[in-house]
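What's in protein_22.pdb: PDB, C-alpha atoms, pLDDT in the B column
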```pdb
ATOM      1  CA  MET C  16       0.000   0.000   0.000  1.00 95.00           C
ATOM      2  CA  THR C  17       1.193   3.504  -0.807  1.00 97.00           C
ATOM      3  CA  ILE C  18      -0.033   6.580   1.045  1.00 98.00           C
ATOM      4  CA  PRO C  19       0.412   9.420  -1.461  1.00 98.00           C
ATOM      5  CA  GLY C  20       1.954  12.761  -0.544  1.00 98.00           C
ATOM      6  CA  ASN C  21      -1.289  14.617  -1.157  1.00 98.00           C
ATOM      7  CA  VAL C  22      -2.710  12.878   1.942  1.00 98.00           C
ATOM      8  CA  LYS C  23      -1.628  15.293   4.666  1.00 98.00           C
ATOM      9  CA  GLU C  24      -2.793  13.337   7.724  1.00 98.00           C
ATOM     10  CA  ILE C  25      -2.936   9.685   8.716  1.00 98.00           C
ATOM     11  CA  ARG C  26      -5.429   9.703  11.546  1.00 98.00           C
ATOM     12  CA  GLU C  27      -5.313   7.949  14.903  1.00 98.00           C
ATOM     13  CA  ASP C  28      -5.889   4.173  14.538  1.00 97.00           C
ATOM     14  CA  ALA C  29      -6.256   4.549  10.734  1.00 97.00           C
ATOM     15  CA  PHE C  30      -4.625   1.193   9.960  1.00 96.00           C
ATOM     16  CA  SER C  31      -4.753  -0.295  13.438  1.00 95.00           C
ATOM     17  CA  VAL C  32      -5.041  -4.107  13.455  1.00 94.00           C
ATOM     18  CA  CYS C  33      -4.571  -4.344   9.662  1.00 93.00           C
ATOM     19  CA  ASN C  34      -2.490  -7.503   9.978  1.00 88.00           C
ATOM     20  CA  ASN C  35      -2.457  -8.113   6.211  1.00 89.00           C
ATOM     21  CA  LEU C  36      -0.465  -4.964   5.395  1.00 91.00           C
ATOM     22  CA  ALA C  37       2.653  -6.610   4.019  1.00 90.00           C
ATOM     23  CA  SER C  38       4.169  -3.348   2.772  1.00 94.00           C
ATOM     24  CA  VAL C  39       3.490   0.340   3.405  1.00 96.00           C
ATOM     25  CA  THR C  40       5.086   3.320   1.689  1.00 98.00           C
ATOM     26  CA  ILE C  41       4.484   6.812   3.050  1.00 98.00           C
ATOM     27  CA  GLU C  42       5.297   9.338   0.353  1.00 98.00           C
ATOM     28  CA  ASN C  43       6.908  12.693   1.033  1.00 98.00           C
ATOM     29  CA  GLY C  44       4.148  15.262   1.639  1.00 98.00           C
ATOM     30  CA  VAL C  45       2.367  13.453   4.489  1.00 98.00           C
ATOM     31  CA  GLU C  46       2.623  15.824   7.477  1.00 98.00           C
ATOM     32  CA  SER C  47       0.968  14.087  10.430  1.00 98.00           C
ATOM     33  CA  ILE C  48       0.620  10.528  11.742  1.00 98.00           C
ATOM     34  CA  GLY C  49      -1.806  10.010  14.637  1.00 98.00           C
ATOM     35  CA  ASP C  50      -1.606   7.879  17.778  1.00 98.00           C
ATOM     36  CA  GLU C  51      -1.388   4.144  17.071  1.00 96.00           C
ATOM     37  CA  ALA C  52      -2.052   4.737  13.353  1.00 98.00           C
ATOM     38  CA  PHE C  53      -0.303   1.478  12.406  1.00 97.00           C
ATOM     39  CA  PHE C  54      -0.831  -0.368  15.701  1.00 95.00           C
ATOM     40  CA  ASP C  55      -0.664  -4.143  15.226  1.00 93.00           C
ATOM     41  CA  ALA C  56      -0.239  -3.875  11.445  1.00 93.00           C
ATOM     42  CA  GLY C  57       1.585  -6.530   9.427  1.00 90.00           C
ATOM     43  CA  PHE C  58       4.578  -4.932   7.698  1.00 95.00           C
ATOM     44  CA  SER C  59       8.219  -5.361   8.715  1.00 95.00           C
ATOM     45  CA  GLU C  60       9.909  -2.138   7.605  1.00 96.00           C
ATOM     46  CA  ILE C  61       8.872   1.455   6.854  1.00 97.00           C
ATOM     47  CA  THR C  62      10.420   4.845   6.079  1.00 98.00           C
ATOM     48  CA  VAL C  63       9.002   8.008   7.650  1.00 98.00           C
ATOM     49  CA  PRO C  64       9.631  10.899   5.225  1.00 98.00           C
ATOM     50  CA  SER C  65      11.040  14.272   6.283  1.00 98.00           C
ATOM     51  CA  SER C  66       7.657  15.932   5.633  1.00 98.00           C
ATOM     52  CA  VAL C  67       6.143  14.351   8.789  1.00 98.00           C
ATOM     53  CA  LYS C  68       5.958  17.239  11.268  1.00 98.00           C
ATOM     54  CA  THR C  69       3.850  15.504  13.946  1.00 98.00           C
ATOM     55  CA  MET C  70       3.866  11.907  15.095  1.00 98.00           C
ATOM     56  CA  GLY C  71       1.588  10.483  17.783  1.00 98.00           C
ATOM     57  CA  TYR C  72       2.066   7.950  20.564  1.00 97.00           C
ATOM     58  CA  ALA C  73       2.938   4.300  19.764  1.00 97.00           C
ATOM     59  CA  VAL C  74       2.350   4.786  16.033  1.00 97.00           C
ATOM     60  CA  PHE C  75       3.810   1.368  15.161  1.00 96.00           C
ATOM     61  CA  GLY C  76       3.058  -0.316  18.499  1.00 94.00           C
ATOM     62  CA  LYS C  77       2.429  -4.013  19.025  1.00 92.00           C
ATOM     63  CA  ASN C  78       4.215  -4.919  15.790  1.00 88.00           C
ATOM     64  CA  PRO C  79       6.695  -7.690  16.680  1.00 87.00           C
ATOM     65  CA  GLN C  80       7.464  -8.211  12.985  1.00 90.00           C
ATOM     66  CA  ILE C  81       8.912  -4.687  12.506  1.00 93.00           C
ATOM     67  CA  THR C  82      12.640  -4.899  11.932  1.00 95.00           C
ATOM     68  CA  MET C  83      13.263  -1.158  11.378  1.00 97.00           C
ATOM     69  CA  VAL C  84      11.588   2.240  11.116  1.00 98.00           C
ATOM     70  CA  HIS C  85      13.780   4.557   9.035  1.00 98.00           C
ATOM     71  CA  CYS C  86      13.255   8.206  10.014  1.00 98.00           C
ATOM     72  CA  MET C  87      14.469  10.779   7.511  1.00 98.00           C
ATOM     73  CA  PHE C  88      15.551  13.211  10.263  1.00 98.00           C
ATOM     74  CA  PRO C  89      18.852  13.737  12.123  1.00 97.00           C
ATOM     75  CA  SER C  90      17.101  13.441  15.516  1.00 97.00           C
ATOM     76  CA  LEU C  91      13.669  13.572  17.196  1.00 98.00           C
ATOM     77  CA  PRO C  92      11.598  16.342  15.562  1.00 97.00           C
ATOM     78  CA  GLU C  93       9.992  18.868  17.886  1.00 97.00           C
ATOM     79  CA  GLY C  94       6.417  17.922  16.928  1.00 98.00           C
ATOM     80  CA  TRP C  95       6.786  14.182  17.531  1.00 98.00           C
ATOM     81  CA  ASP C  96       5.515  12.501  20.680  1.00 98.00           C
ATOM     82  CA  PRO C  97       8.630  11.383  22.587  1.00 97.00           C
ATOM     83  CA  ASN C  98       7.035   7.911  22.862  1.00 96.00           C
ATOM     84  CA  TRP C  99       6.143   7.515  19.179  1.00 97.00           C
ATOM     85  CA  TYR C 100       8.223   4.283  18.982  1.00 97.00           C
ATOM     86  CA  LYS C 101       6.740   2.602  22.085  1.00 96.00           C
ATOM     87  CA  GLY C 102       5.232  -0.877  21.909  1.00 93.00           C
ATOM     88  CA  GLY C 103       2.016   0.543  23.320  1.00 87.00           C
ATOM     89  CA  ALA C 104       0.541  -2.688  24.641  1.00 80.00           C
ATOM     90  CA  ARG C 105       1.510  -4.426  27.841  1.00 79.00           C
ATOM     91  CA  GLY C 106       4.408  -6.724  27.093  1.00 78.00           C
ATOM     92  CA  SER C 107       4.976  -5.307  23.593  1.00 88.00           C
ATOM     93  CA  SER C 108       8.517  -4.382  22.644  1.00 92.00           C
ATOM     94  CA  ASP C 109       9.431  -0.918  21.434  1.00 95.00           C
ATOM     95  CA  VAL C 110      10.003  -0.746  17.689  1.00 95.00           C
ATOM     96  CA  PRO C 111      13.593  -0.400  16.419  1.00 96.00           C
ATOM     97  CA  TYR C 112      14.319   2.840  14.581  1.00 97.00           C
ATOM     98  CA  GLU C 113      17.142   4.873  13.100  1.00 98.00           C
ATOM     99  CA  TRP C 114      17.660   8.563  12.293  1.00 98.00           C
ATOM    100  CA  MET C 115      18.795   9.059   8.712  1.00 97.00           C
ATOM    101  CA  GLY C 116      18.682  12.827   8.141  1.00 85.00           C
TER     102      GLY C 116
END
```

Could you write out this structure as structure tokens?
Amino acid sequence: MTIPGNVKEIREDAFSVCNNLASVTIENGVESIGDEAFFDAGFSEITVPSSVKTMGYAVFGKNPQITMVHCMFPSLPEGWDPNWYKGGARGSSDVPYEWMG
């Protein structure tokens, strides 16, 4: 699935519990990703483009299959929840991520 850049906001829980999402691409232009937007989804890797100004809590939580979230920033952006990478559910591991900006 590709979320085009003309979509400015991915709302809270938008793809929550979509276990069949094998692949997700977020195009540059998306500006906001809500709390738990991809909670318990099925993909293993994703890149967050540099256009994302706000990021909610536990966006990729409860996703044991995630191997890496690539963030196109040098460090945590000001508008991101400091717990955006949290597992979110009791006993869920935090998601691995890297800063690439």

Using the chain letters and numbers from the file, give me the residues hit by the PyMOL selection byres ((chain C and resi 60) around 7), as a list of chain:residue names. C:Phe58, C:Ser59, C:Ile61, C:Ile81, C:Thr82, C:Met83, C:Val84

Apply the PyMOL selection byres ((chain C and resi 102) around 8) to the displayed file and report the matching residues as a ChimeraX atom specification. /C:73,75-78,100-101,103-110

Residues picked by the PyMOL selection byres ((chain C and resi 38) around 7) here, as a PyMOL selection string? chain C and resi 16+36-37+39-40+58

Could the residues in this selection be saved with C-alpha atoms as an mmCIF file, in the frame of the given file?
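The new file again-v8.cif reads:
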```
data_model
loop_
_atom_site.group_PDB
_atom_site.id
_atom_site.type_symbol
_atom_site.label_atom_id
_atom_site.label_comp_id
_atom_site.auth_asym_id
_atom_site.auth_seq_id
_atom_site.Cartn_x
_atom_site.Cartn_y
_atom_site.Cartn_z
ATOM 1 C CA MET C 16 0.000 0.000 0.000
ATOM 2 C CA LEU C 36 -0.465 -4.964 5.395
ATOM 3 C CA ALA C 37 2.653 -6.610 4.019
ATOM 4 C CA VAL C 39 3.490 0.340 3.405
ATOM 5 C CA THR C 40 5.086 3.320 1.689
ATOM 6 C CA PHE C 58 4.578 -4.932 7.698
#
```

Which residues, written as a list of chain:residue names, have at least one atom at most 10 Å from Asn21 of chain C, with all atoms listed in the file counted and residues fewer than 4 positions away on the same chain left out? C:Glu42, C:Asn43, C:Gly44, C:Val45, C:Glu46

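Distances here use only C-alpha atoms; by that measure, the residue among C:Gln80, C:Ile41, C:Gly57, C:Gly71 closest to Asp28 of chain C is C:Gly71.
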
By how many Å are atom CA of Ala29 of chain C and atom CA of Phe88 of chain C apart? 23.5 Å

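Of the listed residues (C:Met115, C:Ala52, C:Val74, C:Val32), C:Val74 comes nearest to Asn98 of chain C; the distances count all atoms listed in the file.
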
Separation of atom CA of Cys86 of chain C from atom CA of Tyr112 of chain C, in Å and rounded to one decimal: 7.1 Å

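Counting only C-alpha atoms and comparing C:Thr69, C:Ser90, C:Ser47, C:Thr62, the residue that lies closest to Ile25 of chain C is C:Ser47.
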
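Across the structure, atom CA of Glu93 of chain C and atom CA of Pro79 of chain C are spaced 26.8 Å apart.
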
Would you mind putting N, CA and C atoms back on segment 44-65 of chain C and writing the result as an mmCIF file, in the frame of the given file?
```cif
data_model
loop_
_atom_site.group_PDB
_atom_site.id
_atom_site.type_symbol
_atom_site.label_atom_id
_atom_site.label_comp_id
_atom_site.auth_asym_id
_atom_site.auth_seq_id
_atom_site.Cartn_x
_atom_site.Cartn_y
_atom_site.Cartn_z
ATOM 1 N N GLY C 44 5.320 14.392 1.738
ATOM 2 C CA GLY C 44 4.148 15.262 1.639
ATOM 3 C C GLY C 44 3.192 15.014 2.797
ATOM 4 N N VAL C 45 3.174 13.771 3.308
ATOM 5 C CA VAL C 45 2.367 13.453 4.489
ATOM 6 C C VAL C 45 2.976 14.220 5.663
ATOM 7 N N GLU C 46 2.122 14.941 6.424
ATOM 8 C CA GLU C 46 2.623 15.824 7.477
ATOM 9 C C GLU C 46 2.338 15.350 8.898
ATOM 10 N N SER C 47 1.364 14.474 9.081
ATOM 11 C CA SER C 47 0.968 14.087 10.430
ATOM 12 C C SER C 47 0.545 12.618 10.466
ATOM 13 N N ILE C 48 1.016 11.918 11.520
ATOM 14 C CA ILE C 48 0.620 10.528 11.742
ATOM 15 C C ILE C 48 0.108 10.439 13.168
ATOM 16 N N GLY C 49 -1.141 10.026 13.337
ATOM 17 C CA GLY C 49 -1.806 10.010 14.637
ATOM 18 C C GLY C 49 -1.431 8.835 15.523
ATOM 19 N N ASP C 50 -1.847 8.927 16.786
ATOM 20 C CA ASP C 50 -1.606 7.879 17.778
ATOM 21 C C ASP C 50 -2.012 6.509 17.238
ATOM 22 N N GLU C 51 -1.127 5.543 17.408
ATOM 23 C CA GLU C 51 -1.388 4.144 17.071
ATOM 24 C C GLU C 51 -1.937 3.944 15.660
ATOM 25 N N ALA C 52 -1.546 4.801 14.729
ATOM 26 C CA ALA C 52 -2.052 4.737 13.353
ATOM 27 C C ALA C 52 -1.791 3.389 12.684
ATOM 28 N N PHE C 53 -0.654 2.773 12.992
ATOM 29 C CA PHE C 53 -0.303 1.478 12.406
ATOM 30 C C PHE C 53 -0.139 0.418 13.497
ATOM 31 N N PHE C 54 -0.910 0.546 14.553
ATOM 32 C CA PHE C 54 -0.831 -0.368 15.701
ATOM 33 C C PHE C 54 -1.235 -1.777 15.276
ATOM 34 N N ASP C 55 -0.392 -2.743 15.537
ATOM 35 C CA ASP C 55 -0.664 -4.143 15.226
ATOM 36 C C ASP C 55 -0.929 -4.368 13.738
ATOM 37 N N ALA C 56 -0.158 -3.665 12.896
ATOM 38 C CA ALA C 56 -0.239 -3.875 11.445
ATOM 39 C C ALA C 56 0.777 -4.949 11.050
ATOM 40 N N GLY C 57 0.822 -5.350 9.794
ATOM 41 C CA GLY C 57 1.585 -6.530 9.427
ATOM 42 C C GLY C 57 2.904 -6.343 8.719
ATOM 43 N N PHE C 58 3.348 -5.130 8.464
ATOM 44 C CA PHE C 58 4.578 -4.932 7.698
ATOM 45 C C PHE C 58 5.820 -5.021 8.588
ATOM 46 N N SER C 59 6.992 -5.171 7.942
ATOM 47 C CA SER C 59 8.219 -5.361 8.715
ATOM 48 C C SER C 59 9.166 -4.169 8.691
ATOM 49 N N GLU C 60 8.998 -3.265 7.736
ATOM 50 C CA GLU C 60 9.909 -2.138 7.605
ATOM 51 C C GLU C 60 9.165 -0.958 6.990
ATOM 52 N N ILE C 61 9.536 0.268 7.387
ATOM 53 C CA ILE C 61 8.872 1.455 6.854
ATOM 54 C C ILE C 61 9.825 2.645 6.956
ATOM 55 N N THR C 62 9.653 3.600 6.049
ATOM 56 C CA THR C 62 10.420 4.845 6.079
ATOM 57 C C THR C 62 9.454 5.994 6.335
ATOM 58 N N VAL C 63 9.794 6.820 7.331
ATOM 59 C CA VAL C 63 9.002 8.008 7.650
ATOM 60 C C VAL C 63 9.687 9.185 6.953
ATOM 61 N N PRO C 64 8.992 9.818 5.978
ATOM 62 C CA PRO C 64 9.631 10.899 5.225
ATOM 63 C C PRO C 64 9.831 12.170 6.061
ATOM 64 N N SER C 65 10.699 13.033 5.574
ATOM 65 C CA SER C 65 11.040 14.272 6.283
ATOM 66 C C SER C 65 9.899 15.288 6.315
#
```
